[in-house]
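Student: input12.pdb (PDB, C-alpha atoms) pasted underneath:
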ATOM      1  CA  ASN A   1     132.051  68.978 157.050  1.00  0.00           C
ATOM      2  CA  ALA A   2     128.907  67.360 155.579  1.00  0.00           C
ATOM      3  CA  GLY A   3     126.051  69.092 157.475  1.00  0.00           C
ATOM      4  CA  VAL A   4     122.838  68.272 155.585  1.00  0.00           C
ATOM      5  CA  THR A   5     123.139  65.880 152.636  1.00  0.00           C
ATOM      6  CA  GLN A   6     120.394  65.463 150.052  1.00  0.00           C
ATOM      7  CA  THR A   7     120.143  62.794 147.372  1.00  0.00           C
ATOM      8  CA  PRO A   8     119.670  62.806 144.475  1.00  0.00           C
ATOM      9  CA  LYS A   9     120.761  66.264 143.270  1.00  0.00           C
ATOM     10  CA  PHE A  10     118.740  66.032 140.048  1.00  0.00           C
ATOM     11  CA  GLN A  11     115.826  63.849 138.965  1.00  0.00           C
ATOM     12  CA  VAL A  12     113.442  63.727 136.028  1.00  0.00           C
ATOM     13  CA  LEU A  13     110.200  61.794 136.424  1.00  0.00           C
ATOM     14  CA  LYS A  14     107.174  61.069 134.305  1.00  0.00           C
ATOM     15  CA  THR A  15     103.721  61.991 135.562  1.00  0.00           C
ATOM     16  CA  GLY A  16     102.425  59.257 137.853  1.00  0.00           C
ATOM     17  CA  GLN A  17     105.821  57.867 138.843  1.00  0.00           C
ATOM     18  CA  SER A  18     106.851  57.725 142.471  1.00  0.00           C
ATOM     19  CA  MET A  19     110.120  58.529 144.156  1.00  0.00           C
ATOM     20  CA  THR A  20     111.693  59.262 147.511  1.00  0.00           C
ATOM     21  CA  LEU A  21     114.004  62.164 148.247  1.00  0.00           C
ATOM     22  CA  GLN A  22     116.562  61.373 150.915  1.00  0.00           C
ATOM     23  CA  CYS A  23     117.976  63.712 153.549  1.00  0.00           C
ATOM     24  CA  ALA A  24     120.512  63.054 156.285  1.00  0.00           C
ATOM     25  CA  GLN A  25     122.152  65.369 158.812  1.00  0.00           C
ATOM     26  CA  ASP A  26     125.214  64.716 160.942  1.00  0.00           C
ATOM     27  CA  MET A  27     124.779  67.558 163.467  1.00  0.00           C
ATOM     28  CA  ASN A  28     122.658  65.611 165.973  1.00  0.00           C
ATOM     29  CA  HIS A  29     119.776  68.036 165.353  1.00  0.00           C
ATOM     30  CA  ASN A  30     116.312  67.311 166.679  1.00  0.00           C
ATOM     31  CA  SER A  31     114.196  69.113 164.088  1.00  0.00           C
ATOM     32  CA  MET A  32     114.134  68.512 160.353  1.00  0.00           C
ATOM     33  CA  TYR A  33     112.175  70.175 157.553  1.00  0.00           C
ATOM     34  CA  TRP A  34     111.259  69.755 153.900  1.00  0.00           C
ATOM     35  CA  TYR A  35     110.674  72.832 151.725  1.00  0.00           C
ATOM     36  CA  ARG A  36     109.990  73.464 148.080  1.00  0.00           C
ATOM     37  CA  GLN A  37     111.282  76.557 146.300  1.00  0.00           C
ATOM     38  CA  ASP A  38     109.522  77.982 143.266  1.00  0.00           C
ATOM     39  CA  PRO A  39     110.357  81.213 141.428  1.00  0.00           C
ATOM     40  CA  GLY A  40     108.915  84.272 143.144  1.00  0.00           C
ATOM     41  CA  MET A  41     107.534  82.281 146.084  1.00  0.00           C
ATOM     42  CA  GLY A  42     110.443  81.866 148.449  1.00  0.00           C
ATOM     43  CA  LEU A  43     110.550  78.576 150.353  1.00  0.00           C
ATOM     44  CA  ARG A  44     107.322  76.883 151.403  1.00  0.00           C
ATOM     45  CA  LEU A  45     107.226  74.287 154.149  1.00  0.00           C
ATOM     46  CA  ILE A  46     105.925  70.879 153.071  1.00  0.00           C
ATOM     47  CA  TYR A  47     106.382  68.782 156.228  1.00  0.00           C
ATOM     48  CA  TYR A  48     108.513  68.973 159.327  1.00  0.00           C
ATOM     49  CA  SER A  49     109.611  66.771 162.189  1.00  0.00           C
ATOM     50  CA  ALA A  50     110.129  68.527 165.493  1.00  0.00           C
ATOM     51  CA  SER A  51     111.805  65.466 166.967  1.00  0.00           C
ATOM     52  CA  GLU A  52     112.460  61.822 166.185  1.00  0.00           C
ATOM     53  CA  GLY A  53     109.153  59.958 165.949  1.00  0.00           C
ATOM     54  CA  THR A  54     106.968  62.965 165.119  1.00  0.00           C
ATOM     55  CA  THR A  55     105.955  64.547 161.829  1.00  0.00           C
ATOM     56  CA  ASP A  56     103.556  67.383 161.034  1.00  0.00           C
ATOM     57  CA  LYS A  57     102.109  69.027 157.960  1.00  0.00           C
ATOM     58  CA  GLY A  58     103.406  72.371 156.818  1.00  0.00           C
ATOM     59  CA  GLU A  59     101.967  74.874 154.405  1.00  0.00           C
ATOM     60  CA  VAL A  60     101.794  72.688 151.247  1.00  0.00           C
ATOM     61  CA  PRO A  61     101.611  68.973 152.234  1.00  0.00           C
ATOM     62  CA  ASN A  62      99.217  67.660 149.575  1.00  0.00           C
ATOM     63  CA  GLY A  63     100.778  65.012 147.321  1.00  0.00           C
ATOM     64  CA  TYR A  64     103.650  64.281 149.701  1.00  0.00           C
ATOM     65  CA  ASN A  65     104.443  61.931 152.570  1.00  0.00           C
ATOM     66  CA  VAL A  66     107.401  61.886 154.939  1.00  0.00           C
ATOM     67  CA  SER A  67     109.216  59.449 157.183  1.00  0.00           C
ATOM     68  CA  ARG A  68     111.533  60.334 160.063  1.00  0.00           C
ATOM     69  CA  LEU A  69     113.525  57.143 159.876  1.00  0.00           C
ATOM     70  CA  ASN A  70     115.763  58.001 162.822  1.00  0.00           C
ATOM     71  CA  LYS A  71     117.301  61.146 164.294  1.00  0.00           C
ATOM     72  CA  ARG A  72     119.600  61.576 161.284  1.00  0.00           C
ATOM     73  CA  GLU A  73     117.290  60.852 158.362  1.00  0.00           C
ATOM     74  CA  PHE A  74     114.097  62.447 157.060  1.00  0.00           C
ATOM     75  CA  SER A  75     112.741  61.344 153.677  1.00  0.00           C
ATOM     76  CA  LEU A  76     110.113  62.898 151.406  1.00  0.00           C
ATOM     77  CA  ARG A  77     108.010  60.698 149.127  1.00  0.00           C
ATOM     78  CA  LEU A  78     106.000  61.597 146.063  1.00  0.00           C
ATOM     79  CA  GLU A  79     103.529  58.755 145.533  1.00  0.00           C
ATOM     80  CA  SER A  80     102.219  59.865 142.134  1.00  0.00           C
ATOM     81  CA  ALA A  81     104.219  62.729 140.711  1.00  0.00           C
ATOM     82  CA  ALA A  82     102.417  65.603 138.991  1.00  0.00           C
ATOM     83  CA  PRO A  83     103.869  68.435 136.829  1.00  0.00           C
ATOM     84  CA  SER A  84     102.891  70.917 139.575  1.00  0.00           C
ATOM     85  CA  GLN A  85     105.475  69.231 141.803  1.00  0.00           C
ATOM     86  CA  THR A  86     108.308  70.347 139.527  1.00  0.00           C
ATOM     87  CA  SER A  87     110.441  72.378 141.912  1.00  0.00           C
ATOM     88  CA  VAL A  88     113.667  72.551 143.884  1.00  0.00           C
ATOM     89  CA  TYR A  89     113.346  70.687 147.175  1.00  0.00           C
ATOM     90  CA  PHE A  90     115.385  71.608 150.229  1.00  0.00           C
ATOM     91  CA  CYS A  91     115.868  69.713 153.441  1.00  0.00           C
ATOM     92  CA  ALA A  92     116.914  71.570 156.585  1.00  0.00           C
ATOM     93  CA  SER A  93     117.701  70.759 160.183  1.00  0.00           C
ATOM     94  CA  ARG A  94     117.761  72.740 163.397  1.00  0.00           C
ATOM     95  CA  GLY A  95     119.330  72.101 166.756  1.00  0.00           C
ATOM     96  CA  PHE A  96     117.993  72.765 170.226  1.00  0.00           C
ATOM     97  CA  GLN A  97     114.947  74.971 170.693  1.00  0.00           C
ATOM     98  CA  GLY A  98     115.561  78.626 171.282  1.00  0.00           C
ATOM     99  CA  LYS A  99     114.929  81.962 169.658  1.00  0.00           C
ATOM    100  CA  GLY A 100     117.001  82.591 166.614  1.00  0.00           C
ATOM    101  CA  GLN A 101     118.504  79.160 166.155  1.00  0.00           C
ATOM    102  CA  PRO A 102     119.319  78.839 162.449  1.00  0.00           C
ATOM    103  CA  GLN A 103     118.132  76.183 160.109  1.00  0.00           C
ATOM    104  CA  HIS A 104     120.904  74.453 158.171  1.00  0.00           C
ATOM    105  CA  PHE A 105     120.039  73.614 154.588  1.00  0.00           C
ATOM    106  CA  GLY A 106     121.181  71.015 152.113  1.00  0.00           C
ATOM    107  CA  ASP A 107     122.038  71.953 148.538  1.00  0.00           C
ATOM    108  CA  GLY A 108     118.672  70.875 147.179  1.00  0.00           C
ATOM    109  CA  THR A 109     117.177  68.319 144.796  1.00  0.00           C
ATOM    110  CA  ARG A 110     116.085  69.657 141.425  1.00  0.00           C
ATOM    111  CA  LEU A 111     113.029  67.679 140.361  1.00  0.00           C
ATOM    112  CA  SER A 112     111.301  67.869 136.983  1.00  0.00           C
ATOM    113  CA  ILE A 113     108.013  66.103 136.297  1.00  0.00           C
ATOM    114  CA  LEU A 114     107.186  65.641 132.627  1.00  0.00           C
TER     115      LEU A 114
ATOM    116  CA  THR B 115      98.899  86.220 149.889  1.00  0.00           C
ATOM    117  CA  GLN B 116     102.447  85.971 151.205  1.00  0.00           C
ATOM    118  CA  LEU B 117     102.697  86.345 154.981  1.00  0.00           C
ATOM    119  CA  LEU B 118     106.049  88.072 154.609  1.00  0.00           C
ATOM    120  CA  GLU B 119     106.246  90.560 151.739  1.00  0.00           C
ATOM    121  CA  GLN B 120     109.732  91.280 150.465  1.00  0.00           C
ATOM    122  CA  SER B 121     110.619  94.186 148.219  1.00  0.00           C
ATOM    123  CA  PRO B 122     111.998  94.714 145.743  1.00  0.00           C
ATOM    124  CA  GLN B 123     111.860  91.293 144.116  1.00  0.00           C
ATOM    125  CA  PHE B 124     114.750  92.133 141.769  1.00  0.00           C
ATOM    126  CA  LEU B 125     117.523  94.685 142.178  1.00  0.00           C
ATOM    127  CA  SER B 126     120.383  95.375 139.772  1.00  0.00           C
ATOM    128  CA  ILE B 127     122.910  98.004 140.831  1.00  0.00           C
ATOM    129  CA  GLN B 128     126.469  99.143 140.160  1.00  0.00           C
ATOM    130  CA  GLU B 129     129.381  98.363 142.413  1.00  0.00           C
ATOM    131  CA  GLY B 130     129.714 100.961 145.156  1.00  0.00           C
ATOM    132  CA  GLU B 131     126.026 101.839 145.388  1.00  0.00           C
ATOM    133  CA  ASN B 132     123.936 101.448 148.533  1.00  0.00           C
ATOM    134  CA  LEU B 133     120.686  99.484 148.716  1.00  0.00           C
ATOM    135  CA  THR B 134     117.925  98.510 151.102  1.00  0.00           C
ATOM    136  CA  VAL B 135     115.712  95.426 151.030  1.00  0.00           C
ATOM    137  CA  TYR B 136     112.460  95.410 152.975  1.00  0.00           C
ATOM    138  CA  CYS B 137     110.512  92.622 154.627  1.00  0.00           C
ATOM    139  CA  ASN B 138     107.002  93.488 155.839  1.00  0.00           C
ATOM    140  CA  SER B 139     104.104  91.685 157.468  1.00  0.00           C
ATOM    141  CA  SER B 140     100.889  92.336 159.350  1.00  0.00           C
ATOM    142  CA  SER B 141     101.847  89.557 161.792  1.00  0.00           C
ATOM    143  CA  VAL B 142     104.141  89.775 164.798  1.00  0.00           C
ATOM    144  CA  PHE B 143     107.254  87.613 164.778  1.00  0.00           C
ATOM    145  CA  SER B 144     109.199  86.407 167.804  1.00  0.00           C
ATOM    146  CA  SER B 145     112.356  86.442 165.702  1.00  0.00           C
ATOM    147  CA  LEU B 146     113.356  87.199 162.167  1.00  0.00           C
ATOM    148  CA  GLN B 147     116.247  85.828 160.164  1.00  0.00           C
ATOM    149  CA  TRP B 148     117.974  86.871 156.963  1.00  0.00           C
ATOM    150  CA  TYR B 149     119.456  84.216 154.694  1.00  0.00           C
ATOM    151  CA  ARG B 150     121.545  84.470 151.554  1.00  0.00           C
ATOM    152  CA  GLN B 151     121.357  81.868 148.813  1.00  0.00           C
ATOM    153  CA  GLU B 152     123.768  81.323 145.929  1.00  0.00           C
ATOM    154  CA  PRO B 153     122.888  79.382 142.750  1.00  0.00           C
ATOM    155  CA  GLY B 154     122.880  75.616 143.271  1.00  0.00           C
ATOM    156  CA  GLU B 155     123.112  75.895 147.045  1.00  0.00           C
ATOM    157  CA  GLY B 156     120.800  76.105 150.022  1.00  0.00           C
ATOM    158  CA  PRO B 157     120.209  79.296 152.013  1.00  0.00           C
ATOM    159  CA  VAL B 158     122.814  80.257 154.599  1.00  0.00           C
ATOM    160  CA  LEU B 159     121.974  82.294 157.686  1.00  0.00           C
ATOM    161  CA  LEU B 160     123.331  85.863 157.812  1.00  0.00           C
ATOM    162  CA  VAL B 161     121.733  87.148 161.006  1.00  0.00           C
ATOM    163  CA  THR B 162     118.915  86.708 163.514  1.00  0.00           C
ATOM    164  CA  VAL B 163     117.106  89.593 165.192  1.00  0.00           C
ATOM    165  CA  VAL B 164     114.850  88.951 168.163  1.00  0.00           C
ATOM    166  CA  THR B 165     114.158  92.282 169.912  1.00  0.00           C
ATOM    167  CA  GLY B 166     111.936  95.043 168.550  1.00  0.00           C
ATOM    168  CA  GLY B 167     114.086  97.943 167.387  1.00  0.00           C
ATOM    169  CA  GLU B 168     117.220  95.811 167.288  1.00  0.00           C
ATOM    170  CA  VAL B 169     119.985  96.775 164.859  1.00  0.00           C
ATOM    171  CA  LYS B 170     122.780  94.373 163.924  1.00  0.00           C
ATOM    172  CA  LYS B 171     125.769  95.036 161.717  1.00  0.00           C
ATOM    173  CA  LEU B 172     127.745  92.480 159.747  1.00  0.00           C
ATOM    174  CA  LYS B 173     130.577  94.343 157.974  1.00  0.00           C
ATOM    175  CA  ARG B 174     128.797  96.370 155.256  1.00  0.00           C
ATOM    176  CA  LEU B 175     125.384  94.852 156.021  1.00  0.00           C
ATOM    177  CA  THR B 176     123.010  96.448 158.535  1.00  0.00           C
ATOM    178  CA  PHE B 177     119.887  94.625 159.688  1.00  0.00           C
ATOM    179  CA  GLN B 178     117.012  96.218 161.564  1.00  0.00           C
ATOM    180  CA  PHE B 179     113.978  94.704 163.265  1.00  0.00           C
ATOM    181  CA  GLY B 180     110.941  96.978 163.518  1.00  0.00           C
ATOM    182  CA  ASP B 181     109.779  98.210 166.915  1.00  0.00           C
ATOM    183  CA  ALA B 182     106.538  96.236 166.602  1.00  0.00           C
ATOM    184  CA  ARG B 183     108.388  93.123 165.328  1.00  0.00           C
ATOM    185  CA  LYS B 184     106.336  93.108 162.119  1.00  0.00           C
ATOM    186  CA  ASP B 185     108.998  94.243 159.681  1.00  0.00           C
ATOM    187  CA  SER B 186     112.711  94.221 158.990  1.00  0.00           C
ATOM    188  CA  SER B 187     115.210  95.738 156.598  1.00  0.00           C
ATOM    189  CA  LEU B 188     118.609  94.857 155.205  1.00  0.00           C
ATOM    190  CA  HIS B 189     120.866  97.717 154.125  1.00  0.00           C
ATOM    191  CA  ILE B 190     124.072  97.120 152.174  1.00  0.00           C
ATOM    192  CA  THR B 191     126.635  99.908 151.952  1.00  0.00           C
ATOM    193  CA  ALA B 192     128.998 100.131 148.993  1.00  0.00           C
ATOM    194  CA  ALA B 193     127.794  96.934 147.375  1.00  0.00           C
ATOM    195  CA  GLN B 194     130.337  94.627 145.753  1.00  0.00           C
ATOM    196  CA  PRO B 195     129.925  91.950 143.056  1.00  0.00           C
ATOM    197  CA  GLY B 196     130.432  89.338 145.755  1.00  0.00           C
ATOM    198  CA  ASP B 197     127.167  90.479 147.357  1.00  0.00           C
ATOM    199  CA  THR B 198     125.243  89.121 144.371  1.00  0.00           C
ATOM    200  CA  GLY B 199     122.715  86.510 145.436  1.00  0.00           C
ATOM    201  CA  LEU B 200     119.174  85.799 146.597  1.00  0.00           C
ATOM    202  CA  TYR B 201     118.361  87.374 149.960  1.00  0.00           C
ATOM    203  CA  LEU B 202     115.544  85.807 151.949  1.00  0.00           C
ATOM    204  CA  CYS B 203     113.880  87.006 155.110  1.00  0.00           C
ATOM    205  CA  ALA B 204     112.225  84.406 157.328  1.00  0.00           C
ATOM    206  CA  GLY B 205     110.268  84.828 160.512  1.00  0.00           C
ATOM    207  CA  VAL B 206     109.073  82.698 163.403  1.00  0.00           C
ATOM    208  CA  ARG B 207     105.564  83.614 164.528  1.00  0.00           C
ATOM    209  CA  GLU B 208     104.650  83.479 168.196  1.00  0.00           C
ATOM    210  CA  THR B 209     102.285  80.543 167.565  1.00  0.00           C
ATOM    211  CA  SER B 210     104.339  78.519 165.090  1.00  0.00           C
ATOM    212  CA  GLY B 211     106.982  76.879 167.263  1.00  0.00           C
ATOM    213  CA  SER B 212     110.195  76.632 165.301  1.00  0.00           C
ATOM    214  CA  ARG B 213     108.606  76.823 161.873  1.00  0.00           C
ATOM    215  CA  LEU B 214     109.970  79.526 159.594  1.00  0.00           C
ATOM    216  CA  THR B 215     107.826  81.552 157.188  1.00  0.00           C
ATOM    217  CA  PHE B 216     109.865  82.823 154.247  1.00  0.00           C
ATOM    218  CA  GLY B 217     109.443  85.918 152.132  1.00  0.00           C
ATOM    219  CA  GLU B 218     109.586  85.648 148.346  1.00  0.00           C
ATOM    220  CA  GLY B 219     113.223  86.700 148.194  1.00  0.00           C
ATOM    221  CA  THR B 220     115.162  89.578 146.599  1.00  0.00           C
ATOM    222  CA  GLN B 221     117.495  88.717 143.737  1.00  0.00           C
ATOM    223  CA  LEU B 222     120.400  91.158 143.946  1.00  0.00           C
ATOM    224  CA  THR B 223     122.871  91.628 141.121  1.00  0.00           C
ATOM    225  CA  VAL B 224     125.856  93.907 141.661  1.00  0.00           C
ATOM    226  CA  ASN B 225     127.583  94.801 138.416  1.00  0.00           C
ATOM    227  CA  PRO B 226     131.314  95.608 138.364  1.00  0.00           C
TER     228      PRO B 226
END
In structure tokens, write the structure found in this file.
Tutor:
Amino acid sequence: NAGVTQTPKFQVLKTGQSMTLQCAQDMNHNSMYWYRQDPGMGLRLIYYSASEGTTDKGEVPNGYNVSRLNKREFSLRLESAAPSQTSVYFCASRGFQGKGQPQHFGDGTRLSIL
Amino acid sequence: TQLLEQSPQFLSIQEGENLTVYCNSSSVFSSLQWYRQEPGEGPVLLVTVVTGGEVKKLKRLTFQFGDARKDSSLHITAAQPGDTGLYLCAGVRETSGSRLTFGEGTQLTVNP
């Protein structure tokens, strides 16, 4: 009953370091998403992948890159971490297109940049 | 400026009380979803509404989509401590494909 799995769950970085957040889903979903959640701001879309082989910018893409490695995996990379990127990051996936289809979320990666 | 404005941002009530959370926008949405999030976990879908004026009930929770599909509300009757959590509304705009736009969230605390 895995659903969407994110690794790592916690990470502390120094300013300027790089890292990749991993996400994998086992529901054979086409679409995958990366969000960040900050207090009082809900979830904001960073990047998404509507289908394998495609990626598009969301609302707050600056400072991030993504890779849709295959249908299951969608990674988020911070090339040079900044304190403003301290946040909780959520990966989500969604099945076939259609009104009202839910997004399924992982449990998040809590990232602190010192 | 948030595309979806949720209110109130925080709500602390006693067990047994009723409450309503609002989600408002100047944009039209093709569908609107309500999620609930518990500490340390990702959001989980409660309901989706797609038709203007639609009302859906989930036990003690009643969800309504505005006639013009610009707003929605969540009403909880006789709240219980187990209802405590972060409630998020999220909408799909006509022009945004499958992308969701989230409100800021309402942190609900129900005290025993």
Student: Apply the PyMOL selection byres ((chain A and resi 92-94) around 10) to the structure shown and report the selected residues as number ranges by chain.
Tutor: A: 3-6, 23-35, 48-50, 72, 74, 90-91, 95-97, 101-108; B: 156-157, 212
Student: Kindly resolve the PyMOL selection byres ((chain B and resi 189-200) around 7) on the present coordinates and return the residues as an MDAnalysis selection string.
Tutor: chainID B and resid 129:135 150:152 174:177 187:188 201:202 219:226
Student: Output C-alpha atoms for every residue in that selection, as an mmCIF file, keeping the file's coordinate frame.
Tutor:
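As a result, out35.cif now contains:
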data_model
loop_
_atom_site.group_PDB
_atom_site.id
_atom_site.type_symbol
_atom_site.label_atom_id
_atom_site.label_comp_id
_atom_site.auth_asym_id
_atom_site.auth_seq_id
_atom_site.Cartn_x
_atom_site.Cartn_y
_atom_site.Cartn_z
ATOM 1 C CA GLU B 129 129.381 98.363 142.413
ATOM 2 C CA GLY B 130 129.714 100.961 145.156
ATOM 3 C CA GLU B 131 126.026 101.839 145.388
ATOM 4 C CA ASN B 132 123.936 101.448 148.533
ATOM 5 C CA LEU B 133 120.686 99.484 148.716
ATOM 6 C CA THR B 134 117.925 98.510 151.102
ATOM 7 C CA VAL B 135 115.712 95.426 151.030
ATOM 8 C CA ARG B 150 121.545 84.470 151.554
ATOM 9 C CA GLN B 151 121.357 81.868 148.813
ATOM 10 C CA GLU B 152 123.768 81.323 145.929
ATOM 11 C CA ARG B 174 128.797 96.370 155.256
ATOM 12 C CA LEU B 175 125.384 94.852 156.021
ATOM 13 C CA THR B 176 123.010 96.448 158.535
ATOM 14 C CA PHE B 177 119.887 94.625 159.688
ATOM 15 C CA SER B 187 115.210 95.738 156.598
ATOM 16 C CA LEU B 188 118.609 94.857 155.205
ATOM 17 C CA TYR B 201 118.361 87.374 149.960
ATOM 18 C CA LEU B 202 115.544 85.807 151.949
ATOM 19 C CA GLY B 219 113.223 86.700 148.194
ATOM 20 C CA THR B 220 115.162 89.578 146.599
ATOM 21 C CA GLN B 221 117.495 88.717 143.737
ATOM 22 C CA LEU B 222 120.400 91.158 143.946
ATOM 23 C CA THR B 223 122.871 91.628 141.121
ATOM 24 C CA VAL B 224 125.856 93.907 141.661
ATOM 25 C CA ASN B 225 127.583 94.801 138.416
ATOM 26 C CA PRO B 226 131.314 95.608 138.364
#
Student: Please identify all polymer residues within 8 Å of Val88 of chain A, counting only C-alpha atoms, omitting same-chain residues fewer than 5 positions from it, and present them as a list in words.
Tutor: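 The contact residues come out as Arg36, Gln37, Asp38, Gly108, Thr109, Arg110 and Leu111 of chain A.
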Student: Taking a cut-off of 12 Å and counting all atoms listed in the file, can you build a table that, for each residue of chain B near chain A, reports the nearest atom pair and how far apart they are in Å (one decimal), sorted by chain then residue number, as a Markdown table?
Tutor:
| residue | atom | partner | partner_atom | distance |
| --- | --- | --- | --- | --- |
| B:Thr115 | CA | A:Met41 | CA | 10.2 |
| B:Gln116 | CA | A:Met41 | CA | 8.1 |
| B:Leu117 | CA | A:Met41 | CA | 10.9 |
| B:Leu118 | CA | A:Gly42 | CA | 9.8 |
| B:Glu119 | CA | A:Met41 | CA | 10.1 |
| B:Gln120 | CA | A:Gly42 | CA | 9.7 |
| B:Ser121 | CA | A:Gly40 | CA | 11.3 |
| B:Pro122 | CA | A:Gly40 | CA | 11.2 |
| B:Gln123 | CA | A:Gly40 | CA | 7.7 |
| B:Phe124 | CA | A:Gly40 | CA | 9.9 |
| B:Phe143 | CA | A:Lys99 | CA | 10.7 |
| B:Ser144 | CA | A:Lys99 | CA | 7.5 |
| B:Ser145 | CA | A:Gly100 | CA | 6.1 |
| B:Leu146 | CA | A:Gly100 | CA | 7.4 |
| B:Gln147 | CA | A:Gly100 | CA | 7.3 |
| B:Trp148 | CA | A:Pro102 | CA | 9.8 |
| B:Tyr149 | CA | A:Pro102 | CA | 9.4 |
| B:Arg150 | CA | A:Phe105 | CA | 11.4 |
| B:Gln151 | CA | A:Asp107 | CA | 9.9 |
| B:Glu152 | CA | A:Asp107 | CA | 9.9 |
| B:Pro153 | CA | A:Asp107 | CA | 9.5 |
| B:Gly154 | CA | A:Asp107 | CA | 6.5 |
| B:Glu155 | CA | A:Asp107 | CA | 4.3 |
| B:Gly156 | CA | A:Asp107 | CA | 4.6 |
| B:Pro157 | CA | A:Phe105 | CA | 6.2 |
| B:Val158 | CA | A:His104 | CA | 7.1 |
| B:Leu159 | CA | A:Pro102 | CA | 6.5 |
| B:Leu160 | CA | A:Pro102 | CA | 9.3 |
| B:Val161 | CA | A:Gly100 | CA | 8.6 |
| B:Thr162 | CA | A:Gly100 | CA | 5.5 |
| B:Val163 | CA | A:Gly100 | CA | 7.1 |
| B:Val164 | CA | A:Gly100 | CA | 6.9 |
| B:Thr165 | CA | A:Lys99 | CA | 10.4 |
| B:Leu200 | CA | A:Gly42 | CA | 9.8 |
| B:Tyr201 | CA | A:Gly42 | CA | 9.8 |
| B:Leu202 | CA | A:Gly42 | CA | 7.3 |
| B:Cys203 | CA | A:Gly42 | CA | 9.1 |
| B:Ala204 | CA | A:Leu43 | CA | 9.2 |
| B:Gly205 | CA | A:Gly100 | CA | 9.4 |
| B:Val206 | CA | A:Gly100 | CA | 8.6 |
| B:Arg207 | CA | A:Lys99 | CA | 10.8 |
| B:Glu208 | CA | A:Lys99 | CA | 10.5 |
| B:Ser210 | CA | A:Gly58 | CA | 10.3 |
| B:Gly211 | CA | A:Gln97 | CA | 8.9 |
| B:Ser212 | CA | A:Gln97 | CA | 7.4 |
| B:Arg213 | CA | A:Leu45 | CA | 8.2 |
| B:Leu214 | CA | A:Leu45 | CA | 8.0 |
| B:Thr215 | CA | A:Arg44 | CA | 7.5 |
| B:Phe216 | CA | A:Leu43 | CA | 5.8 |
| B:Gly217 | CA | A:Gly42 | CA | 5.6 |
| B:Glu218 | CA | A:Gly42 | CA | 3.9 |
| B:Gly219 | CA | A:Gly42 | CA | 5.6 |
| B:Thr220 | CA | A:Gly40 | CA | 8.9 |
| B:Gln221 | CA | A:Gly40 | CA | 9.7 |
Student: Mind giving me the straight-line distance from atom CA of Ser80 of chain A to atom CA of Thr15 of chain A in Å, one decimal?
Tutor: 7.1 Å
Student: As a PyMOL selection string, please: the residues near Gln22 of chain A (cut-off 8 Å, only C-alpha atoms, same-chain neighbours under 6 positions excluded).
Tutor: chain A and resi 6-8+73-76
Student: Would you be able to write out as a PyMOL selection string which residues have an atom within 8 Å of (109.4, 101.0, 168.6) in the file's coordinates, counting all atoms listed in the file?
Tutor: chain B and resi 166-167+180-182
Student: If you apply the PyMOL selection byres ((chain A and resi 86) around 7) to this file, what residues do you get, as a ChimeraX atom specification?
Tutor: /A:83-85,87,111-113
Student: If I take atom CA of Thr55 of chain A and atom CA of Met19 of chain A, how far is one from the other in Å, to one decimal?
Tutor: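 Computing it gives 19.1 Å between the two atoms.
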Student: Between atom CA of Ser18 of chain A and atom CA of Tyr64 of chain A, what is the distance, to one decimal in Å?
Tutor: 10.3 Å
Student: Can you find the residues with an atom no farther than 10 Å from (115.3, 57.8, 163.3), counting only C-alpha atoms, and report them as a PyMOL selection string?
Tutor: chain A and resi 51-54+67-74
Student: Report, as JSON, the centre and edge lengths in Å (one decimal) of the axis-aligned box enclosing every listed atom of segment 214-219 of chain B, padded by 8 Å on each side.
Tutor:
{"center_x": 110.5, "center_y": 83.1, "center_z": 153.9, "size_x": 21.4, "size_y": 23.2, "size_z": 27.4}
Student: Could N, CA and C atoms be built for segment 164-173 of chain B and written out as a PDB file, keeping the file's coordinate frame?
Tutor:
ATOM      1  N   VAL B 164     115.905  89.464 167.284  1.00  0.00           N
ATOM      2  CA  VAL B 164     114.850  88.951 168.163  1.00  0.00           C
ATOM      3  C   VAL B 164     114.142  90.045 168.966  1.00  0.00           C
ATOM      4  N   THR B 165     114.727  91.220 169.077  1.00  0.00           N
ATOM      5  CA  THR B 165     114.158  92.282 169.912  1.00  0.00           C
ATOM      6  C   THR B 165     113.667  93.422 169.036  1.00  0.00           C
ATOM      7  N   GLY B 166     112.455  93.911 169.306  1.00  0.00           N
ATOM      8  CA  GLY B 166     111.936  95.043 168.550  1.00  0.00           C
ATOM      9  C   GLY B 166     112.882  96.219 168.609  1.00  0.00           C
ATOM     10  N   GLY B 167     113.178  96.818 167.445  1.00  0.00           N
ATOM     11  CA  GLY B 167     114.086  97.943 167.387  1.00  0.00           C
ATOM     12  C   GLY B 167     115.554  97.558 167.268  1.00  0.00           C
ATOM     13  N   GLU B 168     115.833  96.279 167.313  1.00  0.00           N
ATOM     14  CA  GLU B 168     117.220  95.811 167.288  1.00  0.00           C
ATOM     15  C   GLU B 168     117.897  96.133 165.960  1.00  0.00           C
ATOM     16  N   VAL B 169     119.161  96.534 166.037  1.00  0.00           N
ATOM     17  CA  VAL B 169     119.985  96.775 164.859  1.00  0.00           C
ATOM     18  C   VAL B 169     121.249  95.918 164.987  1.00  0.00           C
ATOM     19  N   LYS B 170     121.547  95.170 163.930  1.00  0.00           N
ATOM     20  CA  LYS B 170     122.780  94.373 163.924  1.00  0.00           C
ATOM     21  C   LYS B 170     123.571  94.701 162.674  1.00  0.00           C
ATOM     22  N   LYS B 171     124.897  94.748 162.848  1.00  0.00           N
ATOM     23  CA  LYS B 171     125.769  95.036 161.717  1.00  0.00           C
ATOM     24  C   LYS B 171     126.693  93.860 161.471  1.00  0.00           C
ATOM     25  N   LEU B 172     126.860  93.549 160.185  1.00  0.00           N
ATOM     26  CA  LEU B 172     127.745  92.480 159.747  1.00  0.00           C
ATOM     27  C   LEU B 172     128.559  93.074 158.605  1.00  0.00           C
ATOM     28  N   LYS B 173     129.727  93.643 158.949  1.00  0.00           N
ATOM     29  CA  LYS B 173     130.577  94.343 157.974  1.00  0.00           C
ATOM     30  C   LYS B 173     129.767  95.431 157.274  1.00  0.00           C
TER      31      LYS B 173
END
